[in-house]
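> Next up, protein-v5.txt (compact mmCIF, N, CA and C atoms and all ligand atoms).
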```txt
# COMPACT_ATOMS: atom_id res chain seq x y z
N MET A 1 32.57 -85.22 6.97
CA MET A 1 33.58 -84.57 6.12
C MET A 1 33.46 -85.10 4.69
N ARG A 2 33.41 -84.20 3.72
CA ARG A 2 33.35 -84.59 2.32
C ARG A 2 34.56 -84.02 1.59
N ARG A 3 34.90 -84.66 0.49
CA ARG A 3 36.04 -84.20 -0.28
C ARG A 3 35.58 -83.85 -1.68
N HIS A 4 36.07 -82.76 -2.16
CA HIS A 4 35.83 -82.38 -3.55
C HIS A 4 37.18 -81.94 -4.09
N GLY A 5 37.85 -82.84 -4.81
CA GLY A 5 39.22 -82.56 -5.21
C GLY A 5 40.06 -82.40 -3.96
N PRO A 6 40.87 -81.37 -3.90
CA PRO A 6 41.75 -81.19 -2.74
C PRO A 6 41.04 -80.52 -1.57
N VAL A 7 39.78 -80.18 -1.72
CA VAL A 7 39.08 -79.40 -0.69
C VAL A 7 38.25 -80.33 0.18
N GLU A 8 38.39 -80.18 1.49
CA GLU A 8 37.54 -80.92 2.42
C GLU A 8 36.54 -79.94 3.02
N TYR A 9 35.33 -80.37 3.15
CA TYR A 9 34.35 -79.49 3.78
C TYR A 9 33.31 -80.33 4.51
N GLU A 10 32.65 -79.68 5.47
CA GLU A 10 31.63 -80.37 6.25
C GLU A 10 30.26 -79.86 5.85
N VAL A 11 29.30 -80.77 5.81
CA VAL A 11 27.94 -80.43 5.43
C VAL A 11 27.03 -80.85 6.58
N PHE A 12 26.17 -79.93 7.00
CA PHE A 12 25.30 -80.22 8.13
C PHE A 12 23.84 -80.14 7.71
N LEU A 13 23.08 -81.06 8.22
CA LEU A 13 21.64 -81.06 8.02
C LEU A 13 21.01 -80.44 9.27
N ILE A 14 20.29 -79.35 9.09
CA ILE A 14 19.67 -78.65 10.21
C ILE A 14 18.18 -78.95 10.21
N GLY A 15 17.68 -79.35 11.35
CA GLY A 15 16.26 -79.64 11.46
C GLY A 15 15.62 -78.78 12.54
N VAL A 16 14.42 -78.26 12.25
CA VAL A 16 13.62 -77.60 13.28
C VAL A 16 12.32 -78.38 13.40
N ASP A 17 12.09 -78.92 14.58
CA ASP A 17 10.85 -79.63 14.85
C ASP A 17 9.74 -78.59 15.01
N GLN A 18 8.91 -78.47 14.02
CA GLN A 18 7.89 -77.41 14.02
C GLN A 18 6.89 -77.58 15.16
N ALA A 19 6.72 -78.79 15.64
CA ALA A 19 5.80 -79.02 16.75
C ALA A 19 6.37 -78.52 18.07
N ARG A 20 7.70 -78.43 18.16
CA ARG A 20 8.35 -77.95 19.38
C ARG A 20 8.64 -76.46 19.36
N CYS A 21 8.83 -75.88 18.17
CA CYS A 21 9.23 -74.47 18.07
C CYS A 21 8.14 -73.56 18.62
N VAL A 22 8.56 -72.67 19.54
CA VAL A 22 7.61 -71.73 20.14
C VAL A 22 7.76 -70.32 19.57
N GLY A 23 8.61 -70.17 18.56
CA GLY A 23 8.69 -68.90 17.85
C GLY A 23 9.42 -67.79 18.57
N CYS A 24 10.34 -68.13 19.46
CA CYS A 24 11.04 -67.10 20.23
C CYS A 24 12.10 -66.36 19.41
N ALA A 25 12.52 -66.93 18.31
CA ALA A 25 13.51 -66.33 17.39
C ALA A 25 14.91 -66.23 17.98
N GLU A 26 15.17 -66.91 19.07
CA GLU A 26 16.53 -66.88 19.65
C GLU A 26 17.55 -67.48 18.69
N CYS A 27 17.15 -68.47 17.93
CA CYS A 27 18.08 -69.09 16.98
C CYS A 27 18.44 -68.12 15.87
N VAL A 28 17.48 -67.33 15.43
CA VAL A 28 17.74 -66.33 14.39
C VAL A 28 18.75 -65.32 14.90
N THR A 29 18.58 -64.91 16.16
CA THR A 29 19.46 -63.89 16.75
C THR A 29 20.87 -64.42 16.96
N ILE A 30 20.99 -65.64 17.43
CA ILE A 30 22.32 -66.13 17.81
C ILE A 30 23.13 -66.64 16.63
N CYS A 31 22.49 -67.05 15.56
CA CYS A 31 23.24 -67.66 14.45
C CYS A 31 23.95 -66.56 13.64
N SER A 32 25.27 -66.59 13.69
CA SER A 32 26.06 -65.53 13.05
C SER A 32 26.09 -65.67 11.53
N THR A 33 25.66 -66.81 11.02
CA THR A 33 25.73 -67.00 9.57
C THR A 33 24.34 -67.01 8.91
N GLY A 34 23.31 -66.65 9.66
CA GLY A 34 22.00 -66.46 9.05
C GLY A 34 21.32 -67.72 8.55
N VAL A 35 21.50 -68.81 9.26
CA VAL A 35 20.90 -70.08 8.82
C VAL A 35 19.36 -70.05 8.94
N PHE A 36 18.85 -69.37 9.98
CA PHE A 36 17.41 -69.44 10.25
C PHE A 36 16.66 -68.18 9.82
N GLU A 37 15.41 -68.39 9.48
CA GLU A 37 14.47 -67.28 9.26
C GLU A 37 13.16 -67.64 9.91
N MET A 38 12.46 -66.60 10.42
CA MET A 38 11.12 -66.84 10.93
C MET A 38 10.13 -66.78 9.77
N GLN A 39 9.26 -67.76 9.70
CA GLN A 39 8.23 -67.79 8.66
C GLN A 39 6.94 -68.27 9.31
N GLY A 40 5.96 -67.39 9.34
CA GLY A 40 4.66 -67.77 9.90
C GLY A 40 4.71 -68.11 11.38
N GLY A 41 5.67 -67.49 12.11
CA GLY A 41 5.68 -67.67 13.55
C GLY A 41 6.60 -68.77 14.06
N THR A 42 7.26 -69.50 13.16
CA THR A 42 8.24 -70.50 13.60
C THR A 42 9.50 -70.36 12.76
N ALA A 43 10.57 -71.01 13.23
CA ALA A 43 11.87 -70.88 12.56
C ALA A 43 12.06 -71.98 11.52
N TYR A 44 12.72 -71.57 10.42
CA TYR A 44 13.07 -72.53 9.37
C TYR A 44 14.54 -72.37 9.02
N PRO A 45 15.25 -73.48 8.81
CA PRO A 45 16.65 -73.41 8.44
C PRO A 45 16.78 -73.17 6.93
N VAL A 46 16.76 -71.90 6.54
CA VAL A 46 16.71 -71.57 5.11
C VAL A 46 18.09 -71.57 4.44
N ARG A 47 19.16 -71.47 5.26
CA ARG A 47 20.50 -71.49 4.67
C ARG A 47 21.38 -72.50 5.43
N PRO A 48 21.03 -73.77 5.41
CA PRO A 48 21.78 -74.77 6.17
C PRO A 48 23.22 -74.90 5.69
N GLU A 49 23.47 -74.54 4.43
CA GLU A 49 24.85 -74.65 3.91
C GLU A 49 25.81 -73.68 4.59
N SER A 50 25.25 -72.69 5.31
CA SER A 50 26.10 -71.72 6.00
C SER A 50 26.46 -72.15 7.42
N CYS A 51 25.95 -73.27 7.87
CA CYS A 51 26.17 -73.69 9.26
C CYS A 51 27.63 -74.03 9.53
N LEU A 52 28.14 -73.52 10.65
CA LEU A 52 29.52 -73.76 11.09
C LEU A 52 29.56 -74.78 12.23
N ASN A 53 28.43 -75.31 12.60
CA ASN A 53 28.31 -76.27 13.69
C ASN A 53 28.84 -75.72 15.02
N CYS A 54 28.53 -74.46 15.30
CA CYS A 54 28.99 -73.85 16.55
C CYS A 54 28.14 -74.29 17.74
N GLN A 55 26.97 -74.85 17.46
CA GLN A 55 26.04 -75.36 18.48
C GLN A 55 25.35 -74.24 19.27
N GLY A 56 25.49 -73.00 18.83
CA GLY A 56 24.85 -71.90 19.53
C GLY A 56 23.33 -72.03 19.54
N CYS A 57 22.78 -72.41 18.43
CA CYS A 57 21.32 -72.49 18.33
C CYS A 57 20.75 -73.64 19.16
N THR A 58 21.44 -74.76 19.14
CA THR A 58 20.93 -75.89 19.91
C THR A 58 21.03 -75.61 21.41
N GLY A 59 22.04 -74.81 21.78
CA GLY A 59 22.21 -74.47 23.19
C GLY A 59 21.18 -73.49 23.69
N ILE A 60 20.75 -72.58 22.82
CA ILE A 60 19.86 -71.50 23.28
C ILE A 60 18.39 -71.84 23.09
N CYS A 61 18.07 -72.75 22.22
CA CYS A 61 16.65 -73.08 21.96
C CYS A 61 16.00 -73.62 23.23
N PRO A 62 14.94 -72.98 23.71
CA PRO A 62 14.34 -73.37 24.98
C PRO A 62 13.58 -74.69 24.93
N THR A 63 13.30 -75.17 23.73
CA THR A 63 12.49 -76.39 23.63
C THR A 63 13.23 -77.54 22.93
N GLN A 64 14.53 -77.38 22.72
CA GLN A 64 15.34 -78.41 22.04
C GLN A 64 14.71 -78.80 20.70
N ALA A 65 14.27 -77.77 19.96
CA ALA A 65 13.61 -78.05 18.68
C ALA A 65 14.59 -78.27 17.53
N ILE A 66 15.86 -77.88 17.76
CA ILE A 66 16.83 -77.88 16.65
C ILE A 66 17.75 -79.09 16.74
N THR A 67 17.95 -79.74 15.61
CA THR A 67 18.92 -80.84 15.53
C THR A 67 19.90 -80.55 14.41
N ILE A 68 21.16 -80.91 14.64
CA ILE A 68 22.20 -80.72 13.64
C ILE A 68 22.87 -82.07 13.41
N THR A 69 22.88 -82.50 12.15
CA THR A 69 23.46 -83.78 11.81
C THR A 69 24.49 -83.58 10.71
N GLU A 70 25.68 -84.12 10.90
CA GLU A 70 26.67 -84.04 9.82
C GLU A 70 26.34 -85.08 8.77
N ILE A 71 26.33 -84.64 7.51
CA ILE A 71 25.97 -85.57 6.43
C ILE A 71 27.14 -85.70 5.46
S1 LIG B 101 15.17 -71.01 19.33
FE1 LIG B 101 13.94 -72.90 19.13
S2 LIG B 101 11.89 -72.33 19.83
FE2 LIG B 101 12.98 -70.42 19.41
S3 LIG B 101 12.45 -69.92 17.27
FE3 LIG B 101 14.36 -71.09 17.22
S4 LIG B 101 13.72 -73.26 16.94
FE4 LIG B 101 11.92 -72.08 17.60
S1 LIG B 102 25.18 -74.44 14.87
FE1 LIG B 102 25.82 -72.26 14.86
S2 LIG B 102 26.16 -71.78 12.69
FE2 LIG B 102 24.96 -73.68 12.75
S3 LIG B 102 22.81 -73.05 12.60
FE3 LIG B 102 23.31 -73.19 14.79
S4 LIG B 102 23.97 -71.14 15.44
FE4 LIG B 102 24.02 -71.22 13.16
```
Translate this structure into structure tokens?

Amino acid sequence: MRRHGPVEYEVFLIGVDQARCVGCAECVTICSTGVFEMQGGTAYPVRPESCLNCQGCTGICPTQAITITEI
């Protein structure tokens, strides 16, 4: 949790282990805020600032390639 004046907000660091990603794009499909994009056959967290920490992507990824860390 971070504070900026009276506003509190959470910031998450999203990681995709490129060695584990098999390119199924399930994370792209399940993420309602568009955090991931496929690039060259694997997923990249291109909009990590949009993450709501719903854990949908980590739950659906078949190879546990995704990590979410609160920073
Ligand atoms: S769900 Fe996992 S394996 Fe599939 S594209 Fe996303 S990171 Fe890669
Ligand atoms: S935790 Fe939820 S909001 Fe965050 S990247 Fe994964 S699916 Fe998207």
> Select, from A:Ile68, A:Val22, A:Met38, A:Ala43, the residue with the minimum atom-to-atom distance to ligand LIG 102 (chain B), counting only N, CA and C atoms and all ligand atoms.
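Smallest separation from ligand LIG 102 (chain B) among the options: A:Ile68.
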> Taking only N, CA and C atoms and all ligand atoms into account, which residues are within 6.5 Å of ligand LIG 102 (chain B), as a compact mmCIF listing (two decimals) with N, CA and C atoms, in the frame of the given file?

```
# COMPACT_ATOMS: atom_id res chain seq x y z
N CYS A 27 17.15 -68.47 17.93
CA CYS A 27 18.08 -69.09 16.98
C CYS A 27 18.44 -68.12 15.87
N ILE A 30 20.99 -65.64 17.43
CA ILE A 30 22.32 -66.13 17.81
C ILE A 30 23.13 -66.64 16.63
N CYS A 31 22.49 -67.05 15.56
CA CYS A 31 23.24 -67.66 14.45
C CYS A 31 23.95 -66.56 13.64
N SER A 32 25.27 -66.59 13.69
CA SER A 32 26.06 -65.53 13.05
C SER A 32 26.09 -65.67 11.53
N THR A 33 25.66 -66.81 11.02
CA THR A 33 25.73 -67.00 9.57
C THR A 33 24.34 -67.01 8.91
N GLY A 34 23.31 -66.65 9.66
CA GLY A 34 22.00 -66.46 9.05
C GLY A 34 21.32 -67.72 8.55
N VAL A 35 21.50 -68.81 9.26
CA VAL A 35 20.90 -70.08 8.82
C VAL A 35 19.36 -70.05 8.94
N PHE A 36 18.85 -69.37 9.98
CA PHE A 36 17.41 -69.44 10.25
C PHE A 36 16.66 -68.18 9.82
N SER A 50 25.25 -72.69 5.31
CA SER A 50 26.10 -71.72 6.00
C SER A 50 26.46 -72.15 7.42
N CYS A 51 25.95 -73.27 7.87
CA CYS A 51 26.17 -73.69 9.26
C CYS A 51 27.63 -74.03 9.53
N LEU A 52 28.14 -73.52 10.65
CA LEU A 52 29.52 -73.76 11.09
C LEU A 52 29.56 -74.78 12.23
N ASN A 53 28.43 -75.31 12.60
CA ASN A 53 28.31 -76.27 13.69
C ASN A 53 28.84 -75.72 15.02
N CYS A 54 28.53 -74.46 15.30
CA CYS A 54 28.99 -73.85 16.55
C CYS A 54 28.14 -74.29 17.74
N GLN A 55 26.97 -74.85 17.46
CA GLN A 55 26.04 -75.36 18.48
C GLN A 55 25.35 -74.24 19.27
N GLY A 56 25.49 -73.00 18.83
CA GLY A 56 24.85 -71.90 19.53
C GLY A 56 23.33 -72.03 19.54
N CYS A 57 22.78 -72.41 18.43
CA CYS A 57 21.32 -72.49 18.33
C CYS A 57 20.75 -73.64 19.16
N THR A 58 21.44 -74.76 19.14
CA THR A 58 20.93 -75.89 19.91
C THR A 58 21.03 -75.61 21.41
```
> Could you tell me, counting only N, CA and C atoms and all ligand atoms, which protein and nucleic acid residues lie no more than 6 Å from ligand LIG 101 (chain B), written as a list of chain:residue names?
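Checking only N, CA and C atoms and all ligand atoms against ligand LIG 101 (chain B) at 6 Å gives A:Val16, A:Arg20, A:Cys21, A:Val22, A:Gly23, A:Cys24, A:Ala25, A:Glu26, A:Cys27, A:Val28, A:Thr42, A:Ala43, A:Ile60, A:Cys61, A:Pro62, A:Thr63, A:Gln64, A:Ala65, A:Ile66.
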> Using N, CA and C atoms, can you export the residues from the last selection as a compact mmCIF listing (two decimals), keeping the file's coordinate frame?

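Written out: part-v9.txt:
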```txt
# COMPACT_ATOMS: atom_id res chain seq x y z
N VAL A 16 14.42 -78.26 12.25
CA VAL A 16 13.62 -77.60 13.28
C VAL A 16 12.32 -78.38 13.40
N ARG A 20 7.70 -78.43 18.16
CA ARG A 20 8.35 -77.95 19.38
C ARG A 20 8.64 -76.46 19.36
N CYS A 21 8.83 -75.88 18.17
CA CYS A 21 9.23 -74.47 18.07
C CYS A 21 8.14 -73.56 18.62
N VAL A 22 8.56 -72.67 19.54
CA VAL A 22 7.61 -71.73 20.14
C VAL A 22 7.76 -70.32 19.57
N GLY A 23 8.61 -70.17 18.56
CA GLY A 23 8.69 -68.90 17.85
C GLY A 23 9.42 -67.79 18.57
N CYS A 24 10.34 -68.13 19.46
CA CYS A 24 11.04 -67.10 20.23
C CYS A 24 12.10 -66.36 19.41
N ALA A 25 12.52 -66.93 18.31
CA ALA A 25 13.51 -66.33 17.39
C ALA A 25 14.91 -66.23 17.98
N GLU A 26 15.17 -66.91 19.07
CA GLU A 26 16.53 -66.88 19.65
C GLU A 26 17.55 -67.48 18.69
N CYS A 27 17.15 -68.47 17.93
CA CYS A 27 18.08 -69.09 16.98
C CYS A 27 18.44 -68.12 15.87
N VAL A 28 17.48 -67.33 15.43
CA VAL A 28 17.74 -66.33 14.39
C VAL A 28 18.75 -65.32 14.90
N THR A 42 7.26 -69.50 13.16
CA THR A 42 8.24 -70.50 13.60
C THR A 42 9.50 -70.36 12.76
N ALA A 43 10.57 -71.01 13.23
CA ALA A 43 11.87 -70.88 12.56
C ALA A 43 12.06 -71.98 11.52
N ILE A 60 20.75 -72.58 22.82
CA ILE A 60 19.86 -71.50 23.28
C ILE A 60 18.39 -71.84 23.09
N CYS A 61 18.07 -72.75 22.22
CA CYS A 61 16.65 -73.08 21.96
C CYS A 61 16.00 -73.62 23.23
N PRO A 62 14.94 -72.98 23.71
CA PRO A 62 14.34 -73.37 24.98
C PRO A 62 13.58 -74.69 24.93
N THR A 63 13.30 -75.17 23.73
CA THR A 63 12.49 -76.39 23.63
C THR A 63 13.23 -77.54 22.93
N GLN A 64 14.53 -77.38 22.72
CA GLN A 64 15.34 -78.41 22.04
C GLN A 64 14.71 -78.80 20.70
N ALA A 65 14.27 -77.77 19.96
CA ALA A 65 13.61 -78.05 18.68
C ALA A 65 14.59 -78.27 17.53
N ILE A 66 15.86 -77.88 17.76
CA ILE A 66 16.83 -77.88 16.65
C ILE A 66 17.75 -79.09 16.74
```
> Any chance you could list, as a PyMOL selection string, the residues in chain A that come up strand (DSSP E or B) when DSSP is run on the backbone?
chain A and resi 2-4+7-9+12-16+36-39+42-45+66-70
> If you run DSSP over the backbone, which residues in chain A end up helix (DSSP H, G or I)? Put them as a ChimeraX atom specification.
/A:26-30,48-50,56-60
> Keeping N, CA and C atoms for every residue in the selection just given, could you write it to a file as a PDB file, keeping the file's coordinate frame?

```pdb
ATOM      1  N   GLU A  26      15.170 -66.910  19.070  1.00  0.00           N
ATOM      2  CA  GLU A  26      16.530 -66.880  19.650  1.00  0.00           C
ATOM      3  C   GLU A  26      17.550 -67.480  18.690  1.00  0.00           C
ATOM      4  N   CYS A  27      17.150 -68.470  17.930  1.00  0.00           N
ATOM      5  CA  CYS A  27      18.080 -69.090  16.980  1.00  0.00           C
ATOM      6  C   CYS A  27      18.440 -68.120  15.870  1.00  0.00           C
ATOM      7  N   VAL A  28      17.480 -67.330  15.430  1.00  0.00           N
ATOM      8  CA  VAL A  28      17.740 -66.330  14.390  1.00  0.00           C
ATOM      9  C   VAL A  28      18.750 -65.320  14.900  1.00  0.00           C
ATOM     10  N   THR A  29      18.580 -64.910  16.160  1.00  0.00           N
ATOM     11  CA  THR A  29      19.460 -63.890  16.750  1.00  0.00           C
ATOM     12  C   THR A  29      20.870 -64.420  16.960  1.00  0.00           C
ATOM     13  N   ILE A  30      20.990 -65.640  17.430  1.00  0.00           N
ATOM     14  CA  ILE A  30      22.320 -66.130  17.810  1.00  0.00           C
ATOM     15  C   ILE A  30      23.130 -66.640  16.630  1.00  0.00           C
ATOM     16  N   PRO A  48      21.030 -73.770   5.410  1.00  0.00           N
ATOM     17  CA  PRO A  48      21.780 -74.770   6.170  1.00  0.00           C
ATOM     18  C   PRO A  48      23.220 -74.900   5.690  1.00  0.00           C
ATOM     19  N   GLU A  49      23.470 -74.540   4.430  1.00  0.00           N
ATOM     20  CA  GLU A  49      24.850 -74.650   3.910  1.00  0.00           C
ATOM     21  C   GLU A  49      25.810 -73.680   4.590  1.00  0.00           C
ATOM     22  N   SER A  50      25.250 -72.690   5.310  1.00  0.00           N
ATOM     23  CA  SER A  50      26.100 -71.720   6.000  1.00  0.00           C
ATOM     24  C   SER A  50      26.460 -72.150   7.420  1.00  0.00           C
ATOM     25  N   GLY A  56      25.490 -73.000  18.830  1.00  0.00           N
ATOM     26  CA  GLY A  56      24.850 -71.900  19.530  1.00  0.00           C
ATOM     27  C   GLY A  56      23.330 -72.030  19.540  1.00  0.00           C
ATOM     28  N   CYS A  57      22.780 -72.410  18.430  1.00  0.00           N
ATOM     29  CA  CYS A  57      21.320 -72.490  18.330  1.00  0.00           C
ATOM     30  C   CYS A  57      20.750 -73.640  19.160  1.00  0.00           C
ATOM     31  N   THR A  58      21.440 -74.760  19.140  1.00  0.00           N
ATOM     32  CA  THR A  58      20.930 -75.890  19.910  1.00  0.00           C
ATOM     33  C   THR A  58      21.030 -75.610  21.410  1.00  0.00           C
ATOM     34  N   GLY A  59      22.040 -74.810  21.780  1.00  0.00           N
ATOM     35  CA  GLY A  59      22.210 -74.470  23.190  1.00  0.00           C
ATOM     36  C   GLY A  59      21.180 -73.490  23.690  1.00  0.00           C
ATOM     37  N   ILE A  60      20.750 -72.580  22.820  1.00  0.00           N
ATOM     38  CA  ILE A  60      19.860 -71.500  23.280  1.00  0.00           C
ATOM     39  C   ILE A  60      18.390 -71.840  23.090  1.00  0.00           C
TER      40      ILE A  60
END
```
> In Å, rounded to a single decimal, give me how far CA of Glu10 (chain A) is from CA of Tyr44 (chain A).
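Distance between the two atoms: 20.4 Å.
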> Kindly give the distance, in Å, that separates atom C of Glu49 (chain A) and atom C of Ile14 (chain A), rounded to a single decimal.
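Atom-to-atom, atom C of Glu49 (chain A) to atom C of Ile14 (chain A), that is 10.8 Å.
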> If I take CA of Ile71 (chain A) and CA of Val7 (chain A), how far is one from the other in Å, to one decimal?
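Between these atoms lies a distance of 16.1 Å.
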> Name the closest residue to Val46 (chain A) among the candidates A:Glu70, A:Leu13, A:Gly59, A:Gly5; distances are taken between atoms, counting only C-alpha atoms.
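Smallest separation from Val46 (chain A) among the options: A:Leu13.
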> Edge lengths and centre, in Å to one decimal, as AutoDock Vina command-line options: that's what I need for the box along x, y and z that holds all listed atoms of region 51-67 of chain A plus 3 Å on each side.

```
--center_x 21.0 --center_y -76.2 --center_z 16.4 --size_x 23.1 --size_y 15.3 --size_z 23.1
```
> May I ask you to restore N, CA, C and O atoms in region 25-44 of chain A and write the result as an mmCIF file, in the coordinates of the input?

```cif
data_model
loop_
_atom_site.group_PDB
_atom_site.id
_atom_site.type_symbol
_atom_site.label_atom_id
_atom_site.label_comp_id
_atom_site.auth_asym_id
_atom_site.auth_seq_id
_atom_site.Cartn_x
_atom_site.Cartn_y
_atom_site.Cartn_z
ATOM 1 N N ALA A 25 12.520 -66.930 18.310
ATOM 2 C CA ALA A 25 13.510 -66.330 17.390
ATOM 3 C C ALA A 25 14.910 -66.230 17.980
ATOM 4 O O ALA A 25 15.759 -65.530 17.431
ATOM 5 N N GLU A 26 15.170 -66.910 19.070
ATOM 6 C CA GLU A 26 16.530 -66.880 19.650
ATOM 7 C C GLU A 26 17.550 -67.480 18.690
ATOM 8 O O GLU A 26 18.698 -67.034 18.623
ATOM 9 N N CYS A 27 17.150 -68.470 17.930
ATOM 10 C CA CYS A 27 18.080 -69.090 16.980
ATOM 11 C C CYS A 27 18.440 -68.120 15.870
ATOM 12 O O CYS A 27 19.590 -68.092 15.407
ATOM 13 N N VAL A 28 17.480 -67.330 15.430
ATOM 14 C CA VAL A 28 17.740 -66.330 14.390
ATOM 15 C C VAL A 28 18.750 -65.320 14.900
ATOM 16 O O VAL A 28 19.675 -64.916 14.198
ATOM 17 N N THR A 29 18.580 -64.910 16.160
ATOM 18 C CA THR A 29 19.460 -63.890 16.750
ATOM 19 C C THR A 29 20.870 -64.420 16.960
ATOM 20 O O THR A 29 21.849 -63.729 16.672
ATOM 21 N N ILE A 30 20.990 -65.640 17.430
ATOM 22 C CA ILE A 30 22.320 -66.130 17.810
ATOM 23 C C ILE A 30 23.130 -66.640 16.630
ATOM 24 O O ILE A 30 24.365 -66.633 16.661
ATOM 25 N N CYS A 31 22.490 -67.050 15.560
ATOM 26 C CA CYS A 31 23.240 -67.660 14.450
ATOM 27 C C CYS A 31 23.950 -66.560 13.640
ATOM 28 O O CYS A 31 23.308 -65.748 12.986
ATOM 29 N N SER A 32 25.270 -66.590 13.690
ATOM 30 C CA SER A 32 26.060 -65.530 13.050
ATOM 31 C C SER A 32 26.090 -65.670 11.530
ATOM 32 O O SER A 32 26.504 -64.747 10.843
ATOM 33 N N THR A 33 25.660 -66.810 11.020
ATOM 34 C CA THR A 33 25.730 -67.000 9.570
ATOM 35 C C THR A 33 24.340 -67.010 8.910
ATOM 36 O O THR A 33 24.211 -67.338 7.739
ATOM 37 N N GLY A 34 23.310 -66.650 9.660
ATOM 38 C CA GLY A 34 22.000 -66.460 9.050
ATOM 39 C C GLY A 34 21.320 -67.720 8.550
ATOM 40 O O GLY A 34 20.615 -67.698 7.543
ATOM 41 N N VAL A 35 21.500 -68.810 9.260
ATOM 42 C CA VAL A 35 20.900 -70.080 8.820
ATOM 43 C C VAL A 35 19.360 -70.050 8.940
ATOM 44 O O VAL A 35 18.666 -70.602 8.083
ATOM 45 N N PHE A 36 18.850 -69.370 9.980
ATOM 46 C CA PHE A 36 17.410 -69.440 10.250
ATOM 47 C C PHE A 36 16.660 -68.180 9.820
ATOM 48 O O PHE A 36 17.202 -67.083 9.847
ATOM 49 N N GLU A 37 15.410 -68.390 9.480
ATOM 50 C CA GLU A 37 14.470 -67.280 9.260
ATOM 51 C C GLU A 37 13.160 -67.640 9.910
ATOM 52 O O GLU A 37 12.765 -68.816 9.947
ATOM 53 N N MET A 38 12.460 -66.600 10.420
ATOM 54 C CA MET A 38 11.120 -66.840 10.930
ATOM 55 C C MET A 38 10.130 -66.780 9.770
ATOM 56 O O MET A 38 10.185 -65.871 8.933
ATOM 57 N N GLN A 39 9.260 -67.760 9.700
ATOM 58 C CA GLN A 39 8.230 -67.790 8.660
ATOM 59 C C GLN A 39 6.940 -68.270 9.310
ATOM 60 O O GLN A 39 6.866 -69.395 9.794
ATOM 61 N N GLY A 40 5.960 -67.390 9.340
ATOM 62 C CA GLY A 40 4.660 -67.770 9.900
ATOM 63 C C GLY A 40 4.710 -68.110 11.380
ATOM 64 O O GLY A 40 3.940 -68.953 11.841
ATOM 65 N N GLY A 41 5.670 -67.490 12.110
ATOM 66 C CA GLY A 41 5.680 -67.670 13.550
ATOM 67 C C GLY A 41 6.600 -68.770 14.060
ATOM 68 O O GLY A 41 6.727 -68.950 15.270
ATOM 69 N N THR A 42 7.260 -69.500 13.160
ATOM 70 C CA THR A 42 8.240 -70.500 13.600
ATOM 71 C C THR A 42 9.500 -70.360 12.760
ATOM 72 O O THR A 42 9.513 -69.691 11.728
ATOM 73 N N ALA A 43 10.570 -71.010 13.230
ATOM 74 C CA ALA A 43 11.870 -70.880 12.560
ATOM 75 C C ALA A 43 12.060 -71.980 11.520
ATOM 76 O O ALA A 43 11.658 -73.125 11.724
ATOM 77 N N TYR A 44 12.720 -71.570 10.420
ATOM 78 C CA TYR A 44 13.070 -72.530 9.370
ATOM 79 C C TYR A 44 14.540 -72.370 9.020
ATOM 80 O O TYR A 44 15.041 -71.242 8.929
#
```
